[in-house]
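model21.cif follows (mmCIF, C-alpha atoms):
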data_upload
loop_
_atom_site.label_atom_id
_atom_site.label_comp_id
_atom_site.auth_asym_id
_atom_site.auth_seq_id
_atom_site.Cartn_x
_atom_site.Cartn_y
_atom_site.Cartn_z
CA MET A 4 0.00 0.00 0.00
CA GLU A 5 1.46 3.34 -1.10
CA GLY A 6 2.57 5.51 1.83
CA LEU A 7 2.23 2.79 4.47
CA HIS A 8 5.15 2.47 6.90
CA VAL A 9 6.06 -1.17 7.39
CA ARG A 10 9.76 -1.04 8.24
CA LEU A 11 10.31 2.62 9.14
CA PRO A 12 8.90 4.41 12.21
CA ALA A 13 6.49 7.32 12.03
CA PHE A 14 8.39 10.50 11.15
CA ALA A 15 8.46 13.62 13.31
CA PRO A 16 5.09 15.46 13.03
CA ASP A 17 4.34 19.09 12.28
CA TYR A 18 3.86 20.15 15.92
CA SER A 19 7.37 18.85 16.71
CA GLY A 20 8.68 21.00 13.87
CA VAL A 21 7.12 24.12 15.40
CA CYS A 22 8.39 23.34 18.90
CA SER A 23 11.89 22.56 17.64
CA THR A 24 12.08 25.85 15.74
CA LEU A 25 10.95 27.93 18.74
CA TYR A 26 12.95 25.97 21.32
CA GLU A 27 15.81 28.43 21.88
CA LEU A 28 14.00 31.73 21.29
CA GLY A 29 12.77 32.42 24.82
CA GLY A 30 9.03 32.08 24.32
CA THR A 31 6.28 30.38 26.27
CA VAL A 32 5.28 27.49 24.02
CA VAL A 33 1.99 25.74 24.84
CA VAL A 34 1.14 22.47 23.10
CA HIS A 35 -2.63 22.00 23.21
CA ASP A 36 -2.94 18.28 23.92
CA PRO A 37 -3.69 15.79 26.71
CA GLY A 38 0.07 15.41 27.25
CA GLY A 39 1.10 12.66 24.86
CA CYS A 40 2.14 14.90 21.98
CA THR A 41 4.30 17.07 24.23
CA GLY A 42 5.84 13.91 25.63
CA ASN A 43 6.51 12.63 22.12
CA PHE A 44 8.32 15.84 21.20
CA VAL A 45 10.43 16.03 24.36
CA ALA A 46 11.27 12.33 24.58
CA TYR A 47 11.81 11.47 20.92
CA ASP A 48 12.11 14.54 18.65
CA GLU A 49 14.19 17.04 20.64
CA PRO A 50 17.85 16.22 21.40
CA ARG A 51 18.25 19.48 23.36
CA ALA A 52 15.57 18.52 25.90
CA TYR A 53 18.11 16.88 28.22
CA THR A 54 20.78 19.57 27.95
CA ASN A 55 19.08 22.94 27.32
CA SER A 56 15.96 24.16 29.10
CA SER A 57 12.98 25.67 27.31
CA CYS A 58 9.51 26.76 28.45
CA ILE A 59 7.37 24.14 26.68
CA PHE A 60 4.05 23.34 28.36
CA THR A 61 1.19 20.97 27.70
CA SER A 62 -2.35 22.26 28.08
CA ALA A 63 -3.23 18.87 29.64
CA LEU A 64 -6.49 18.87 27.69
CA GLU A 65 -9.15 16.93 29.64
CA ASP A 66 -12.18 15.11 28.22
CA MET A 67 -14.79 17.40 29.78
CA GLN A 68 -12.84 20.51 28.86
CA ALA A 69 -12.78 19.29 25.27
CA LEU A 70 -16.42 18.22 25.18
CA LEU A 71 -17.70 21.46 26.74
CA GLY A 72 -15.41 23.72 24.74
CA ARG A 73 -13.91 25.41 27.80
CA ASP A 74 -11.30 27.42 25.94
CA ASP A 75 -11.43 30.00 28.73
CA MET A 76 -9.68 27.46 30.97
CA LEU A 77 -6.87 27.16 28.44
CA VAL A 78 -6.43 30.93 28.17
CA ASP A 79 -6.36 31.28 31.97
CA ALA A 80 -3.71 28.55 32.25
CA ILE A 81 -1.56 30.14 29.53
CA CYS A 82 -1.70 33.52 31.24
CA ARG A 83 -0.71 31.98 34.58
CA ALA A 84 2.24 30.21 32.97
CA GLN A 85 3.34 33.37 31.16
CA LYS A 86 3.19 35.32 34.43
CA GLU A 87 5.61 32.80 35.96
CA VAL A 88 8.15 32.43 33.16
CA HIS A 89 7.92 35.85 31.41
CA GLY A 90 8.36 34.52 27.88
CA ARG A 91 9.32 36.88 25.06
CA PHE A 92 6.22 35.68 23.25
CA VAL A 93 3.51 33.04 23.59
CA ALA A 94 3.03 30.30 21.00
CA LEU A 95 -0.01 28.03 20.88
CA VAL A 96 0.62 24.77 19.01
CA GLY A 97 -2.13 22.42 17.79
CA THR A 98 -2.33 18.61 17.92
CA PRO A 99 -4.80 15.93 16.70
CA ASN A 100 -7.39 16.13 19.52
CA PRO A 101 -8.22 19.85 19.25
CA MET A 102 -8.06 19.53 15.44
CA VAL A 103 -11.09 17.23 15.64
CA LEU A 104 -12.83 19.82 17.84
CA GLY A 105 -12.19 22.64 15.38
CA THR A 106 -10.25 24.79 17.85
CA ASP A 107 -9.84 28.42 16.73
CA TYR A 108 -6.17 28.97 17.58
CA LYS A 109 -6.01 32.43 16.05
CA ALA A 110 -8.82 33.68 18.30
CA LEU A 111 -7.20 32.13 21.37
CA ALA A 112 -3.85 33.72 20.53
CA HIS A 113 -5.53 37.11 20.11
CA GLU A 114 -7.10 36.84 23.58
CA VAL A 115 -3.80 35.75 25.13
CA GLU A 116 -2.01 38.68 23.49
CA GLN A 117 -4.57 41.13 24.88
CA ARG A 118 -4.33 39.73 28.40
CA CYS A 119 -0.57 39.11 28.60
CA SER A 120 0.65 42.14 26.59
CA VAL A 121 3.21 40.09 24.64
CA PRO A 122 3.09 38.86 21.04
CA ALA A 123 1.08 35.64 20.72
CA ILE A 124 1.32 33.40 17.69
CA SER A 125 -0.58 30.23 16.85
CA PHE A 126 -0.12 27.18 14.66
CA ASN A 127 -2.99 25.09 13.37
CA THR A 128 -0.82 21.98 13.37
CA SER A 129 -2.59 18.64 13.49
CA GLY A 130 0.01 15.88 13.78
CA THR A 131 -1.12 14.56 10.40
CA LYS A 132 1.67 16.30 8.46
CA PHE A 133 5.43 15.93 8.76
CA TYR A 134 7.82 18.14 10.69
CA ASP A 135 8.89 20.22 7.69
CA HIS A 136 5.43 21.84 7.48
CA GLY A 137 5.72 22.92 11.12
CA VAL A 138 9.27 24.23 10.78
CA GLU A 139 8.32 26.18 7.67
CA ALA A 140 5.28 27.76 9.35
CA ALA A 141 7.29 28.66 12.47
CA PHE A 142 10.03 30.41 10.48
CA VAL A 143 7.52 32.52 8.56
CA SER A 144 5.72 33.44 11.79
CA ILE A 145 9.01 34.49 13.42
CA ALA A 146 9.84 36.78 10.52
CA ARG A 147 6.33 38.19 10.15
CA ASP A 148 5.10 38.42 13.76
CA LEU A 149 8.08 38.55 16.12
CA LEU A 150 10.69 40.71 14.36
CA ASP A 151 10.62 44.43 13.61
CA HIS A 152 11.37 46.01 10.26
CA PRO A 153 15.14 46.15 9.67
CA SER A 154 17.22 49.21 9.00
CA SER A 155 18.00 49.98 5.38
CA THR A 156 21.73 49.49 5.95
CA ARG A 157 23.15 46.14 4.91
CA LYS A 158 26.01 44.61 6.90
CA PRO A 159 28.78 43.81 4.40
CA ARG A 160 29.73 40.15 3.92
CA SER A 161 27.19 38.93 6.46
CA VAL A 162 24.75 36.03 6.22
CA ASN A 163 21.95 34.23 8.04
CA LEU A 164 21.53 30.47 8.09
CA LEU A 165 17.90 29.47 7.49
CA GLY A 166 16.35 26.08 8.17
CA ALA A 167 18.44 24.85 11.10
CA THR A 168 16.74 22.51 13.57
CA PRO A 169 18.08 19.29 15.12
CA LEU A 170 15.46 17.37 13.15
CA ASP A 171 17.66 17.92 10.09
CA MET A 172 21.01 19.20 11.39
CA THR A 173 21.32 16.80 14.38
CA ASN A 174 23.31 19.00 16.76
CA GLN A 175 24.89 22.40 17.36
CA LYS A 176 28.36 21.13 16.49
CA ASN A 177 27.34 20.76 12.84
CA ILE A 178 26.09 24.36 12.78
CA ASP A 179 29.36 25.52 14.36
CA ILE A 180 31.37 23.77 11.62
CA ILE A 181 29.31 25.49 8.92
CA CYS A 182 29.82 28.85 10.65
CA GLU A 183 33.55 28.19 10.83
CA GLN A 184 33.67 27.49 7.08
CA LEU A 185 31.98 30.82 6.41
CA ARG A 186 34.19 32.79 8.80
CA ASP A 187 37.31 31.27 7.28
CA ALA A 188 36.09 32.60 3.93
CA GLY A 189 35.61 36.11 5.35
CA TRP A 190 31.89 36.04 6.12
CA SER A 191 30.17 36.85 9.40
CA VAL A 192 27.14 34.87 10.55
CA CYS A 193 24.44 37.12 12.02
CA GLY A 194 22.01 34.43 13.11
CA SER A 195 21.09 30.80 12.71
CA TRP A 196 17.36 30.17 12.29
CA ALA A 197 16.96 28.61 14.83
CA MET A 198 19.87 26.83 16.54
CA GLY A 199 22.43 28.73 18.58
CA SER A 200 20.88 32.19 18.15
CA THR A 201 18.64 34.42 20.22
CA LEU A 202 15.62 36.37 19.01
CA GLU A 203 17.74 39.53 19.17
CA GLU A 204 20.33 37.97 16.85
CA LEU A 205 17.61 36.99 14.39
CA GLN A 206 16.43 40.60 14.47
CA GLU A 207 19.94 41.90 13.72
CA GLY A 208 20.17 39.36 10.92
CA LEU A 209 17.50 41.17 8.95
CA SER A 210 20.29 43.54 7.88
CA ALA A 211 22.45 40.72 6.52
CA SER A 212 23.81 40.75 2.97
CA CYS A 213 22.36 37.34 2.11
CA ASN A 214 20.42 34.40 3.50
CA ILE A 215 21.72 30.85 3.13
CA VAL A 216 19.05 28.14 3.03
CA LEU A 217 20.35 25.02 4.77
CA THR A 218 17.22 22.88 4.46
CA HIS A 219 14.01 22.86 2.49
CA SER A 220 12.11 24.11 5.55
CA GLY A 221 13.98 27.42 5.30
CA LEU A 222 13.10 28.05 1.68
CA THR A 223 9.67 29.65 2.22
CA VAL A 224 10.93 32.20 4.75
CA ALA A 225 13.92 32.94 2.48
CA ARG A 226 11.49 33.79 -0.33
CA TRP A 227 9.38 35.87 2.08
CA LEU A 228 12.41 37.82 3.32
CA LYS A 229 13.53 38.48 -0.24
CA LYS A 230 10.09 39.72 -1.26
CA THR A 231 9.55 41.79 1.89
CA TYR A 232 13.02 43.15 2.67
CA GLY A 233 14.98 42.49 -0.51
CA ILE A 234 17.47 40.10 1.10
CA PRO A 235 18.79 37.69 -1.57
CA TYR A 236 19.17 34.02 -0.78
CA VAL A 237 21.16 31.04 -1.94
CA TRP A 238 20.80 27.40 -0.98
CA GLY A 239 23.83 26.18 0.87
CA CYS A 240 26.42 23.54 0.05
CA PHE A 241 28.83 22.83 2.89
CA SER A 242 29.91 19.25 2.17
CA GLY A 243 33.20 18.41 0.48
CA GLN A 244 36.01 20.78 -0.48
CA GLN A 245 35.78 21.68 -4.16
CA ALA A 246 31.99 21.79 -3.89
CA VAL A 247 32.22 24.24 -0.97
CA ASP A 248 34.68 26.44 -2.86
CA VAL A 249 32.28 26.63 -5.82
CA PHE A 250 29.42 27.49 -3.47
CA LEU A 251 31.37 30.24 -1.68
CA ASP A 252 32.28 31.81 -5.01
CA HIS A 253 28.60 31.71 -6.00
CA LEU A 254 27.60 33.34 -2.68
CA ASN A 255 30.03 36.16 -3.36
CA GLN A 256 28.67 36.69 -6.86
CA VAL A 257 25.08 36.86 -5.57
CA VAL A 258 25.94 39.42 -2.87
CA LEU A 259 27.83 41.56 -5.40
CA GLY A 260 24.73 41.51 -7.62
CA ARG A 261 26.48 39.75 -10.48
CA THR A 262 24.01 36.88 -10.66
CA GLU A 263 20.56 35.93 -9.44
CA GLN A 264 20.75 32.40 -10.80
CA PRO A 265 20.88 29.37 -8.51
CA LEU A 266 24.00 27.25 -8.30
CA SER A 267 24.72 25.68 -11.66
CA ASN A 268 25.18 21.93 -11.97
CA PRO A 269 28.71 20.63 -12.58
CA PRO A 270 29.64 19.71 -16.16
CA HIS A 271 28.35 16.29 -17.14
CA SER A 272 31.04 13.66 -16.85
CA SER A 273 31.38 11.11 -19.61
CA ASN A 274 33.40 8.91 -17.26
CA ASP A 275 31.70 6.08 -15.40
CA GLY A 276 32.48 7.42 -11.95
CA GLY A 277 29.76 5.51 -10.15
CA ARG A 278 26.08 5.97 -9.33
CA ALA A 279 24.65 7.15 -6.02
CA LEU A 280 21.27 7.75 -4.41
CA VAL A 281 21.00 10.37 -1.66
CA ILE A 282 17.95 10.16 0.65
CA ALA A 283 17.70 13.23 2.88
CA ASP A 284 16.18 16.68 3.10
CA GLN A 285 16.20 17.97 -0.49
CA VAL A 286 18.56 20.92 0.12
CA LEU A 287 20.97 18.98 2.35
CA ALA A 288 20.91 16.16 -0.18
CA GLU A 289 21.87 18.59 -2.93
CA GLY A 290 24.95 19.53 -0.91
CA TYR A 291 25.91 15.87 -0.58
CA ARG A 292 25.29 15.33 -4.28
CA ARG A 293 27.56 18.18 -5.30
CA ALA A 294 30.31 16.85 -3.02
CA LEU A 295 29.98 13.42 -4.65
CA GLU A 296 30.24 15.00 -8.10
CA PHE A 297 32.96 17.60 -7.49
CA ASP A 298 35.09 15.83 -4.89
CA ALA A 299 34.48 12.10 -5.43
CA GLY A 300 33.97 11.93 -9.20
CA PHE A 301 30.52 10.31 -9.24
CA SER A 302 28.95 10.59 -12.67
CA ALA A 303 25.29 10.07 -11.73
CA VAL A 304 23.70 11.07 -8.41
CA ASP A 305 19.95 10.99 -7.79
CA VAL A 306 18.20 12.57 -4.82
CA ALA A 307 15.07 11.32 -3.05
CA THR A 308 13.25 12.64 0.00
CA PHE A 309 10.38 11.38 2.11
CA PHE A 310 9.21 14.96 2.49
CA ALA A 311 7.95 17.78 0.31
CA ALA A 312 10.23 19.48 -2.22
CA ASP A 313 9.85 22.69 -4.20
CA PHE A 314 13.37 23.62 -4.94
CA GLU A 315 15.41 25.26 -7.70
CA GLY A 316 18.12 22.61 -7.39
CA MET A 317 15.89 19.63 -8.19
CA ARG A 318 16.83 17.59 -11.25
CA PRO A 319 14.59 15.49 -13.51
CA HIS A 320 15.29 12.15 -11.82
CA ASP A 321 14.81 13.41 -8.25
CA THR A 322 11.93 12.02 -6.19
CA SER A 323 9.93 13.77 -3.48
CA GLU A 324 7.39 12.40 -0.99
CA LEU A 325 9.09 9.03 -1.20
CA SER A 326 7.29 5.92 0.09
CA GLU A 327 8.75 2.59 1.16
CA ASP A 328 7.42 0.91 -1.99
CA VAL A 329 8.95 3.55 -4.26
CA LEU A 330 12.25 3.32 -2.38
CA GLU A 331 12.40 -0.42 -2.95
CA ARG A 332 11.78 0.08 -6.66
CA LEU A 333 14.47 2.79 -6.86
CA LEU A 334 17.04 0.49 -5.30
CA GLN A 335 16.06 -2.40 -7.55
CA ASP A 336 16.10 -0.36 -10.76
CA GLY A 337 18.81 2.22 -10.11
CA ASN A 338 21.86 -0.04 -9.88
CA TYR A 339 23.43 2.34 -7.34
CA ASP A 340 26.95 1.84 -6.05
CA LEU A 341 26.28 4.00 -3.00
CA VAL A 342 23.23 5.05 -0.98
CA ILE A 343 23.44 7.92 1.50
CA GLY A 344 20.74 8.24 4.14
CA ASP A 345 19.67 7.58 7.69
CA GLY A 346 20.97 4.36 9.25
CA LEU A 347 17.45 2.92 9.48
CA LEU A 348 17.47 2.66 5.68
CA ASP A 349 19.88 -0.25 6.02
CA THR A 350 16.85 -2.55 6.11
CA PHE A 351 16.25 -1.62 2.45
CA VAL A 352 19.85 -1.25 1.25
CA LYS A 353 21.06 -4.62 2.58
CA ASN A 354 18.82 -6.36 0.07
CA SER A 355 20.56 -4.59 -2.80
CA SER A 356 24.13 -4.47 -4.10
CA SER A 357 24.62 -0.89 -2.84
CA LYS A 358 26.83 0.32 -0.01
CA LEU A 359 25.21 2.51 2.66
CA LEU A 360 26.81 5.67 4.03
CA ALA A 361 24.73 6.37 7.14
CA ILE A 362 24.13 10.07 7.86
CA PRO A 363 21.56 10.51 10.64
CA HIS A 364 18.23 12.23 10.01
CA VAL A 365 16.63 12.78 13.42
CA ALA A 366 13.19 13.36 11.88
CA ILE A 367 13.33 9.73 10.71
CA SER A 368 15.30 7.81 13.35
CA SER A 369 14.43 9.97 16.36
CA ARG A 370 16.47 9.51 19.55
CA ILE A 371 18.47 6.69 17.97
CA SER A 372 20.43 9.47 16.22
CA TRP A 373 20.66 11.96 19.08
CA ASN A 374 24.20 11.20 20.20
CA THR A 375 25.78 10.61 16.82
CA THR A 376 29.18 12.14 16.13
CA VAL A 377 28.83 11.88 12.34
CA CYS A 378 29.58 15.20 10.65
CA PRO A 379 28.86 15.36 6.90
CA TYR A 380 30.20 18.92 6.40
CA GLY A 381 33.46 20.12 4.98
CA SER A 382 36.21 17.55 4.48
CA GLY A 383 34.40 15.39 7.06
CA PHE A 384 32.07 14.28 4.27
CA ILE A 385 34.98 12.92 2.24
CA ASP A 386 36.30 11.16 5.35
CA LEU A 387 32.90 9.52 5.84
CA LEU A 388 32.87 8.40 2.22
CA ARG A 389 36.30 6.82 2.51
CA SER A 390 35.32 5.15 5.76
CA ALA A 391 32.15 3.66 4.24
CA TYR A 392 34.11 2.08 1.38
CA ALA A 393 36.85 0.87 3.71
CA LYS A 394 34.34 -0.94 5.90
CA CYS A 395 32.79 -2.60 2.89
CA ASP A 396 36.20 -3.70 1.59
CA ASN A 397 37.13 -5.16 5.00
CA SER A 398 33.90 -7.12 5.18
#
Kindly present the structure from the file in structure tokens form.
Amino acid sequence: MEGLHVRLPAFAPDYSGVCSTLYELGGTVVVHDPGGCTGNFVAYDEPRAYTNSSCIFTSALEDMQALLGRDDMLVDAICRAQKEVHGRFVALVGTPNPMVLGTDYKALAHEVEQRCSVPAISFNTSGTKFYDHGVEAAFVSIARDLLDHPSSTRKPRSVNLLGATPLDMTNQKNIDIICEQLRDAGWSVCGSWAMGSTLEELQEGLSASCNIVLTHSGLTVARWLKKTYGIPYVWGCFSGQQAVDVFLDHLNQVVLGRTEQPLSNPPHSSNDGGRALVIADQVLAEGYRRALEFDAGFSAVDVATFFAADFEGMRPHDTSELSEDVLERLLQDGNYDLVIGDGLLDTFVKNSSSKLLAIPHVAISSRISWNTTVCPYGSGFIDLLRSAYAKCDNS
């Protein structure tokens, strides 16, 4: 049956995407649920939950409260919590139960804002969509509802990183390595949306020279910021060495106004350098693909993602909204030498002739991937590639 998960777990839902995006920004985040959805986020979708504190509450929705529509009880509870923790803003996040009841989150947020005198935002998340929808909605809400208009002065050679949550990027160390690559090339990083940066830093970042989209979830807000404030954007490529050099040159050309085109594909190689399939977030996967082509000499690299994709870097043979059935067919028909993806995909790859390079995707493998030390950025990607082939040769 198309779309049915038989061997893979359920992926991180949209409400987890919202909570992950807002986690470090100092707000009072209220998940409207009986408690299970909040527990799912904290226990399985949020690696920072055991190291960094955040004000995330459950509304502890009760049966009678739901049946009688006592939204006033929810508003009272939110206001009491906000009085205790003094959040920079209040966020109300939806889950499956109140979705069935038709809860009007926008009206509730308006009442909370009036009573608490802080910005209140709401998300009509339902748990029936994947995390990327929640991350995308949260980024747009941050830019539209929580930040002020920027000054007209652009900070020279400065960038923002858009689309950073542990659900895709795993941990802060990976973000730090990307920032180090940029600083070594003479760029300053104003803010990372939304790992390792405060709300004030995101505000200052609205004067950056350019936005760099790290994941597909950051693409919508990048387009919004370009339309609203005129900040150009590029999608990032931080894996490999030659591929990174090409990307940094492209970033410079965009900021200087010499091009508005997306990154061009490398020249087609007539050599049989191997075939690969990359299964990841579409934008991250494009970075891996370019490293395989520029640095490792692969002649054919396809990209597939289990999630949505609307991206300038997509190529004709790329696949979005992948299912288990389609993945099996791809592996059977593609004759790939290498597959890159989360370690849980080994259950599919081991039945093929392909080698697997496991790069964790927390949205897929959850807390199994929390403590990984795998870093696919910079020359670390090439080291991982060599290691994967060495292990296969030894076996």
All file atoms of stretch 134-150 of chain A boxed axis-aligned, 6 Å per side, centre plus edges, as AutoDock Vina command-line options:
--center_x 7.9 --center_y 29.4 --center_z 11.8 --size_x 17.6 --size_y 34.6 --size_z 20.6
Kindly give the distance, in Å, that separates atom CA of A:Ala13 and atom CA of A:Thr131, rounded to a single decimal. 10.6 Å
Spell out the residues picked by the PyMOL selection byres ((chain A and resi 175) around 12) here, as a PyMOL selection string. chain A and resi 27+50-51+54-55+167-174+176-182+195-200+373-376+378
Considering all atoms listed in the file, return as a PDB file with C-alpha atoms, keeping the file's coordinate frame whatever protein or nucleic-acid residues lie within 12 Å of A:Leu222, sequence-local ones (same chain, fewer than 2 positions apart) excluded.
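around.pdb, written as the output of this step:
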ATOM      1  CA  ASP A 135       8.890  20.220   7.690  1.00  0.00           C
ATOM      2  CA  HIS A 136       5.430  21.840   7.480  1.00  0.00           C
ATOM      3  CA  VAL A 138       9.270  24.230  10.780  1.00  0.00           C
ATOM      4  CA  GLU A 139       8.320  26.180   7.670  1.00  0.00           C
ATOM      5  CA  ALA A 140       5.280  27.760   9.350  1.00  0.00           C
ATOM      6  CA  PHE A 142      10.030  30.410  10.480  1.00  0.00           C
ATOM      7  CA  VAL A 143       7.520  32.520   8.560  1.00  0.00           C
ATOM      8  CA  LEU A 164      21.530  30.470   8.090  1.00  0.00           C
ATOM      9  CA  LEU A 165      17.900  29.470   7.490  1.00  0.00           C
ATOM     10  CA  GLY A 166      16.350  26.080   8.170  1.00  0.00           C
ATOM     11  CA  ALA A 167      18.440  24.850  11.100  1.00  0.00           C
ATOM     12  CA  TRP A 196      17.360  30.170  12.290  1.00  0.00           C
ATOM     13  CA  ASN A 214      20.420  34.400   3.500  1.00  0.00           C
ATOM     14  CA  ILE A 215      21.720  30.850   3.130  1.00  0.00           C
ATOM     15  CA  VAL A 216      19.050  28.140   3.030  1.00  0.00           C
ATOM     16  CA  LEU A 217      20.350  25.020   4.770  1.00  0.00           C
ATOM     17  CA  THR A 218      17.220  22.880   4.460  1.00  0.00           C
ATOM     18  CA  HIS A 219      14.010  22.860   2.490  1.00  0.00           C
ATOM     19  CA  SER A 220      12.110  24.110   5.550  1.00  0.00           C
ATOM     20  CA  VAL A 224      10.930  32.200   4.750  1.00  0.00           C
ATOM     21  CA  ALA A 225      13.920  32.940   2.480  1.00  0.00           C
ATOM     22  CA  ARG A 226      11.490  33.790  -0.330  1.00  0.00           C
ATOM     23  CA  TRP A 227       9.380  35.870   2.080  1.00  0.00           C
ATOM     24  CA  LEU A 228      12.410  37.820   3.320  1.00  0.00           C
ATOM     25  CA  LYS A 229      13.530  38.480  -0.240  1.00  0.00           C
ATOM     26  CA  PRO A 235      18.790  37.690  -1.570  1.00  0.00           C
ATOM     27  CA  TYR A 236      19.170  34.020  -0.780  1.00  0.00           C
ATOM     28  CA  VAL A 237      21.160  31.040  -1.940  1.00  0.00           C
ATOM     29  CA  TRP A 238      20.800  27.400  -0.980  1.00  0.00           C
ATOM     30  CA  GLY A 239      23.830  26.180   0.870  1.00  0.00           C
ATOM     31  CA  ASP A 284      16.180  16.680   3.100  1.00  0.00           C
ATOM     32  CA  GLN A 285      16.200  17.970  -0.490  1.00  0.00           C
ATOM     33  CA  VAL A 286      18.560  20.920   0.120  1.00  0.00           C
ATOM     34  CA  ALA A 311       7.950  17.780   0.310  1.00  0.00           C
ATOM     35  CA  ALA A 312      10.230  19.480  -2.220  1.00  0.00           C
ATOM     36  CA  ASP A 313       9.850  22.690  -4.200  1.00  0.00           C
ATOM     37  CA  PHE A 314      13.370  23.620  -4.940  1.00  0.00           C
ATOM     38  CA  GLU A 315      15.410  25.260  -7.700  1.00  0.00           C
ATOM     39  CA  GLY A 316      18.120  22.610  -7.390  1.00  0.00           C
TER      40      GLY A 316
END
Shell around A:Tyr47 at 12 Å using only C-alpha atoms, local window under 2 positions removed, as a VMD selection string: chain A and resid 12 to 16 19 23 39 to 45 49 to 53 169 to 170 365 to 373
Ranking A:Leu95, A:Leu295, A:Ser129, A:Pro269 by minimum distance to A:His113 and counting all atoms listed in the file, which one comes first?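 Ranking A:Leu95, A:Leu295, A:Ser129, A:Pro269 by distance to A:His113, first place goes to A:Leu95.
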Evaluate the PyMOL selection byres ((chain A and resi 82) around 12) and report residues as a PyMOL selection string: chain A and resi 31-33+62+75-81+83-90+92-95+111-112+114-121+123
Which neighbours of A:Glu183 fall inside 10 Å, counting only C-alpha atoms, when residues of the same chain fewer than 6 positions from it are skipped, and could you give them as a PyMOL selection string? chain A and resi 177+189-192+381
Between atom CA of A:Ala146 and atom CA of A:Gly221, what is the distance, to one decimal in Å? 11.5 Å
Can you spell out as a PyMOL selection string the set of residues that the PyMOL selection byres ((chain A and resi 331-347) around 9) selects in the structure I just provided? chain A and resi 10-11+277-283+288+291+304+326-330+348-352+354-365+367-368+372
C-alpha atoms of the current selection, written as a short mmCIF file (atom, residue, chain, number, x, y, z; two decimals), in the coordinates of the input:
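This is the output file selection_26.cif:
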data_model
loop_
_atom_site.label_atom_id
_atom_site.label_comp_id
_atom_site.auth_asym_id
_atom_site.auth_seq_id
_atom_site.Cartn_x
_atom_site.Cartn_y
_atom_site.Cartn_z
CA ARG A 10 9.76 -1.04 8.24
CA LEU A 11 10.31 2.62 9.14
CA GLY A 277 29.76 5.51 -10.15
CA ARG A 278 26.08 5.97 -9.33
CA ALA A 279 24.65 7.15 -6.02
CA LEU A 280 21.27 7.75 -4.41
CA VAL A 281 21.00 10.37 -1.66
CA ILE A 282 17.95 10.16 0.65
CA ALA A 283 17.70 13.23 2.88
CA ALA A 288 20.91 16.16 -0.18
CA TYR A 291 25.91 15.87 -0.58
CA VAL A 304 23.70 11.07 -8.41
CA SER A 326 7.29 5.92 0.09
CA GLU A 327 8.75 2.59 1.16
CA ASP A 328 7.42 0.91 -1.99
CA VAL A 329 8.95 3.55 -4.26
CA LEU A 330 12.25 3.32 -2.38
CA LEU A 348 17.47 2.66 5.68
CA ASP A 349 19.88 -0.25 6.02
CA THR A 350 16.85 -2.55 6.11
CA PHE A 351 16.25 -1.62 2.45
CA VAL A 352 19.85 -1.25 1.25
CA ASN A 354 18.82 -6.36 0.07
CA SER A 355 20.56 -4.59 -2.80
CA SER A 356 24.13 -4.47 -4.10
CA SER A 357 24.62 -0.89 -2.84
CA LYS A 358 26.83 0.32 -0.01
CA LEU A 359 25.21 2.51 2.66
CA LEU A 360 26.81 5.67 4.03
CA ALA A 361 24.73 6.37 7.14
CA ILE A 362 24.13 10.07 7.86
CA PRO A 363 21.56 10.51 10.64
CA HIS A 364 18.23 12.23 10.01
CA VAL A 365 16.63 12.78 13.42
CA ILE A 367 13.33 9.73 10.71
CA SER A 368 15.30 7.81 13.35
CA SER A 372 20.43 9.47 16.22
#
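Shortest separation to A:Tyr26 among A:Ser57, A:Gly137, A:Ala303, A:Gly38 occurs at residue A:Ser57, atoms counted being all atoms listed in the file.
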At a cut-off of 7 Å from (0.7, 19.8, 20.3) in the coordinates of the file, what residues are picked up using all atoms listed in the file, written as an MDAnalysis selection string? chainID A and resid 18 34:36 40:41 96:98
